[in-house]
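Below: one structure, written as structure tokens.
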Amino acid sequence: MSDPALSPAPVQEAKPAPTPSKIFRVFFGIGITSFGGGLVAYLQDEIVGKQKWMTEDDFLAALEIGQTLPGLNSANVAIIAGRKLAGPRGSLAALLGLVLPGAVILCILGVLYERFHKNPDVAAALAGIAAAAVGLLLQVTLKIGKKQFLRPLDLFFVIVTFVLSGILHVSLVAVLFIVAPLAIMLYRPRNNKAPTP
Amino acid sequence: MKELVQLLNVFSLLSILAVGGGSAVLPQMEHETVGVHQWVTADSFASIYSLGQMAPGPNMTMVGLIGYKASGIAGMIVVLLAFYLPSSFLVYVVSHIWDAFKENPWRDSIQKGMAPITIGLMLAGVYAVGKTASFEVSRPGWFNAVTVAIGLAIVALLFIRRFNPAVLILLSGVIGWFVLRLN
């Protein structure tokens, strides 16, 4: 996702905490310019790089929490950053700023879609765009899953999950609370082996 | 009103179940919104998903459009709140007490065990969108060949270089405009 070795966190004093409205403005700026995915990188540039609201390490710790817990990684990081800067109001400001611009633009796209999707020109362009969206998602999956596809045990769980959820439409609750515990048990901490450093 | 409650139920559950990011709930979302509740057709689900790729901000904000199709502006607002708030509250609270778990050896186990599940769910998401957007049996073979080729070309291009996905999407739209016509 990001390479902490690239930019070592500069040692510096924390700036005075920003107000919720300042937080909203900054996240709104990210929310309206971040075309094409990779939102976490945009967040990192702004929060760590430009505003210096968090150190690189703090950001990566927030990202780790955001990735482990449910919800969108970018939204989760915004919540955590907002909380550290200004408590609950900071979180709310960050989340709203991040999501609102895209939601408004999607509203407009949605109305246009409703009106024009039967138009043959638009339908043809949309077919190309939808085909591209599948490619984007597949690429992200392959990139994140590189390790899992190469390890037989992991690959087994990838395939089981795919078949249960994608083909058989087994509910996500069942998958997460039956298959996931099995996978976690297989990776359970082992005290009898050499302790990991 | 009943519709709004159903939207609220479906999307707040999806919010809490979105482990490893929003793409993990795509297969279940497709099943619920297209198959079970029929708020959108399979075709418009794929289109709405791709509209999400064209807007700035989190791609999954596209869920609002499913709410919009199901019950107008109220539906959109309900879905956006249902999809963002539950996981956000959870993160807000848990990130407070996270440090208590930092050294727990089970955290590593959970991460290692969850990783293949997340990947499996994302693959199922590719399938859920791809079965209409990339390969649909009712369409002529050449059409499917082009849509599959666009998808694979994007995978290859992104592995070669970090192109801006928004540009690739626009280019694919242009290719579609020229090529993907059925009559």
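Chain lettering (A, B, ...) mirrors the order of the structure tokens, residue numbering begins at 1 for each chain separately, and ligand numbering begins at 1 in order of display.
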Non-local contacts of stretch 130-139 of chain B (8 Å; only C-alpha atoms; under 4 positions in same chain excluded) as a CSV table (one decimal) with N, CA and C atoms, in the first residue's frame:
chain,number,residue,atom,x,y,z
A,127,ALA,N,-21.0,0.0,-21.6
A,127,ALA,CA,-20.6,-1.4,-21.7
A,127,ALA,C,-19.0,-1.5,-21.6
A,130,ALA,N,-18.1,-0.7,-17.9
A,130,ALA,CA,-18.4,-1.8,-17.0
A,130,ALA,C,-17.3,-2.9,-17.2
A,131,ALA,N,-16.9,-3.1,-18.5
A,131,ALA,CA,-15.9,-4.2,-18.7
A,131,ALA,C,-14.6,-3.8,-18.0
A,134,VAL,N,-14.6,-4.3,-14.2
A,134,VAL,CA,-14.3,-5.7,-13.8
A,134,VAL,C,-12.8,-5.9,-13.8
B,42,ALA,N,-29.6,-7.0,-12.9
B,42,ALA,CA,-28.2,-7.4,-13.0
B,42,ALA,C,-27.4,-6.4,-13.8
B,43,ASP,N,-28.0,-6.0,-14.9
B,43,ASP,CA,-27.4,-5.0,-15.8
B,43,ASP,C,-27.1,-3.7,-15.2
B,46,ALA,N,-24.3,-3.8,-12.5
B,46,ALA,CA,-22.9,-3.7,-13.1
B,46,ALA,C,-22.7,-2.3,-13.5
B,47,SER,N,-23.7,-1.6,-14.1
B,47,SER,CA,-23.5,-0.2,-14.5
B,47,SER,C,-23.2,0.7,-13.3
B,126,VAL,N,-15.7,-10.1,-8.3
B,126,VAL,CA,-15.4,-10.0,-9.7
B,126,VAL,C,-16.4,-10.8,-10.5
B,143,PHE,N,-19.0,-9.6,-28.9
B,143,PHE,CA,-19.2,-8.6,-27.9
B,143,PHE,C,-18.6,-9.0,-26.6
B,144,ASN,N,-18.8,-10.3,-26.2
B,144,ASN,CA,-18.2,-10.8,-25.0
B,144,ASN,C,-16.7,-10.9,-25.2
B,145,ALA,N,-16.2,-11.2,-26.4
B,145,ALA,CA,-14.8,-11.2,-26.6
B,145,ALA,C,-14.2,-9.9,-26.3
B,147,THR,N,-15.4,-7.4,-24.4
B,147,THR,CA,-15.5,-6.9,-23.0
B,147,THR,C,-14.5,-7.7,-22.2
B,148,VAL,N,-14.4,-9.0,-22.4
B,148,VAL,CA,-13.4,-9.8,-21.7
B,148,VAL,C,-12.0,-9.2,-22.0
B,151,GLY,N,-11.2,-6.1,-20.0
B,151,GLY,CA,-10.9,-6.4,-18.6
B,151,GLY,C,-9.5,-6.9,-18.5
Next item on the list: Skip B:Asn9 itself and residues of its chain fewer than 2 positions away, then list as number ranges by chain all residues within 12 Å of it, counting only C-alpha atoms.
Entry: B: 2-7, 11-16, 29, 32-33, 37, 78-79, 81-83, 86
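The interatomic distance for the pair atom CA of A:Ala94 and atom CA of A:Ala78 works out to 5.5 Å.
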Next item on the list: Would you list the contacts of B:Leu121 as a PyMOL selection string, taking every protein, DNA or RNA residue within 7 Å and counting only C-alpha atoms, but skipping same-chain residues closer than 4 positions in sequence?
Entry: (chain A and resi 161-162+165) or (chain B and resi 24+117+125)
Only N, CA and C atoms, please: the residues just picked out, written as a PDB file, in the first residue's frame.
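New file result34.pdb:
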ATOM      1  N   THR A 161     -14.258 -20.117  -0.339  1.00  0.00           N
ATOM      2  CA  THR A 161     -15.016 -18.883  -0.126  1.00  0.00           C
ATOM      3  C   THR A 161     -15.671 -18.412  -1.418  1.00  0.00           C
ATOM      4  N   PHE A 162     -14.912 -18.479  -2.517  1.00  0.00           N
ATOM      5  CA  PHE A 162     -15.445 -18.053  -3.813  1.00  0.00           C
ATOM      6  C   PHE A 162     -16.680 -18.864  -4.185  1.00  0.00           C
ATOM      7  N   SER A 165     -19.708 -18.214  -1.606  1.00  0.00           N
ATOM      8  CA  SER A 165     -20.302 -16.888  -1.665  1.00  0.00           C
ATOM      9  C   SER A 165     -20.748 -16.527  -3.079  1.00  0.00           C
TER      10      SER A 165
ATOM     11  N   ALA B  24     -15.374  -6.876  -0.613  1.00  0.00           N
ATOM     12  CA  ALA B  24     -15.689  -8.194  -0.056  1.00  0.00           C
ATOM     13  C   ALA B  24     -17.181  -8.439   0.024  1.00  0.00           C
ATOM     14  N   ILE B 117      -9.899 -15.498   2.962  1.00  0.00           N
ATOM     15  CA  ILE B 117     -11.354 -15.318   2.908  1.00  0.00           C
ATOM     16  C   ILE B 117     -11.676 -14.028   2.157  1.00  0.00           C
ATOM     17  N   GLY B 125     -16.767 -11.196  -5.960  1.00  0.00           N
ATOM     18  CA  GLY B 125     -17.231  -9.883  -6.408  1.00  0.00           C
ATOM     19  C   GLY B 125     -16.930  -9.659  -7.881  1.00  0.00           C
TER      20      GLY B 125
END
Non-local contacts of A:Leu168 (12 Å; only C-alpha atoms; under 4 positions in same chain excluded) as a tab-separated table (two decimals) with N, CA and C atoms, in the first residue's frame:
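Dumped to around03.tsv:
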chain	number	residue	atom	x	y	z
A	160	VAL	N	-12.82	-22.14	-1.69
A	160	VAL	CA	-14.02	-22.47	-0.92
A	160	VAL	C	-14.89	-21.23	-0.73
A	161	THR	N	-14.26	-20.12	-0.34
A	161	THR	CA	-15.02	-18.88	-0.13
A	161	THR	C	-15.67	-18.41	-1.42
A	162	PHE	N	-14.91	-18.48	-2.52
A	162	PHE	CA	-15.44	-18.05	-3.81
A	162	PHE	C	-16.68	-18.86	-4.19
A	163	VAL	N	-16.58	-20.18	-4.06
A	163	VAL	CA	-17.69	-21.04	-4.47
A	163	VAL	C	-18.90	-20.82	-3.56
A	164	LEU	N	-18.67	-20.80	-2.23
A	164	LEU	CA	-19.78	-20.61	-1.30
A	164	LEU	C	-20.49	-19.29	-1.54
A	172	LEU	N	-23.09	-14.23	3.75
A	172	LEU	CA	-21.79	-13.77	4.21
A	172	LEU	C	-21.60	-14.07	5.69
A	174	ALA	N	-22.68	-16.68	7.28
A	174	ALA	CA	-22.26	-18.08	7.38
A	174	ALA	C	-20.79	-18.23	6.99
A	175	VAL	N	-20.41	-17.57	5.89
A	175	VAL	CA	-19.01	-17.69	5.45
A	175	VAL	C	-18.07	-17.15	6.52
B	27	PRO	N	-20.37	-9.67	-3.71
B	27	PRO	CA	-21.21	-10.81	-4.11
B	27	PRO	C	-22.52	-10.85	-3.34
B	28	GLN	N	-22.45	-10.65	-2.02
B	28	GLN	CA	-23.67	-10.68	-1.21
B	28	GLN	C	-24.58	-9.51	-1.59
B	31	HIS	N	-26.33	-10.30	-4.79
B	31	HIS	CA	-27.37	-11.30	-4.56
B	31	HIS	C	-28.61	-10.68	-3.90
B	124	ALA	N	-15.27	-13.46	-5.78
B	124	ALA	CA	-16.70	-13.63	-5.98
B	124	ALA	C	-17.33	-12.31	-6.43
B	128	ALA	N	-19.47	-11.60	-9.62
B	128	ALA	CA	-20.82	-11.03	-9.52
B	128	ALA	C	-21.02	-9.90	-10.53
Next item on the list: Excluding A:Arg151 and any residue of its chain fewer than 5 positions from it, enumerate the residues within 12 Å of it, using only C-alpha atoms, and give them as a PyMOL selection string.
Entry: (chain A and resi 145-146+156-158) or (chain B and resi 112+115-116)
Output C-alpha atoms of each residue in that selection to a file, as a JSON list (two decimals), in the first residue's frame.
[["chain", "number", "residue", "atom", "x", "y", "z"],
["A", 145, "GLY", "CA", -3.88, -11.87, -3.07],
["A", 146, "LYS", "CA", -0.48, -12.65, -4.60],
["A", 156, "PHE", "CA", -8.02, -23.79, -0.77],
["A", 157, "PHE", "CA", -9.78, -21.21, 1.41],
["A", 158, "VAL", "CA", -9.89, -18.70, -1.45],
["B", 112, "LYS", "CA", -3.46, -14.61, 8.30],
["B", 115, "ALA", "CA", -6.64, -12.93, 4.20],
["B", 116, "PRO", "CA", -7.70, -15.85, 1.95]]
Near stretch 57-73 of chain A, 12 Å: stretch 29-83 of chain B residue rows, closest pairs, only C-alpha atoms, as JSON lines:
{"residue": "B:Gly57", "atom": "CA", "partner": "A:Leu72", "partner_atom": "CA", "distance": 11.2}
{"residue": "B:Pro58", "atom": "CA", "partner": "A:Leu72", "partner_atom": "CA", "distance": 7.8}
{"residue": "B:Asn59", "atom": "CA", "partner": "A:Leu72", "partner_atom": "CA", "distance": 9.4}
{"residue": "B:Met60", "atom": "CA", "partner": "A:Leu72", "partner_atom": "CA", "distance": 8.0}
{"residue": "B:Thr61", "atom": "CA", "partner": "A:Leu72", "partner_atom": "CA", "distance": 10.0}
{"residue": "B:Ala82", "atom": "CA", "partner": "A:Gly71", "partner_atom": "CA", "distance": 11.4}
{"residue": "B:Phe83", "atom": "CA", "partner": "A:Gly71", "partner_atom": "CA", "distance": 8.3}
Take the selection from the previous step and output its residues with C-alpha atoms, as a tab-separated table (two decimals), in the first residue's frame.
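New file part18.tsv:
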chain	number	residue	atom	x	y	z
B	57	GLY	CA	-14.01	9.41	-3.24
B	58	PRO	CA	-14.66	5.88	-2.02
B	59	ASN	CA	-15.87	3.75	-4.97
B	60	MET	CA	-18.42	2.00	-2.80
B	61	THR	CA	-20.41	5.23	-2.42
B	82	ALA	CA	-26.70	2.31	6.67
B	83	PHE	CA	-23.56	1.46	4.73
Item checked: Best match for closeness to chain A among B:Leu8, B:Val93, B:Leu17, B:Ala74, counting only C-alpha atoms ->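 Closest to chain A, using only C-alpha atoms: B:Leu17.
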Next item on the list: Please measure the separation of atom CA of A:Gly102 and atom CA of B:Tyr84, giving the value in Å to one decimal.
Entry: 13.6 Å
Notebook entry, point to check: Of the candidates B:Gln111, B:Thr118, B:Leu51, B:Tyr92, which shows the shortest atom-to-atom distance to A:Ala125, using only C-alpha atoms?
Noted result: B:Leu51
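Distances to A:Leu136 were evaluated for A:Met185, A:Ile108, A:Ala103, A:Gly37 using only C-alpha atoms, and the minimum falls at A:Gly37.
One distance worth recording is that between atom CA of B:Phe178 and atom CA of B:Asn164, which is 22.0 Å.
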Next item on the list: Mind checking which residues fall within 12 Å of A:Tyr113, counting only C-alpha atoms, ignoring those fewer than 4 positions away in the same chain, and posting them as a PyMOL selection string?
Entry: (chain A and resi 106-109+117-119+122-123+125-126) or (chain B and resi 44+47-48+50-51+65+68-69)
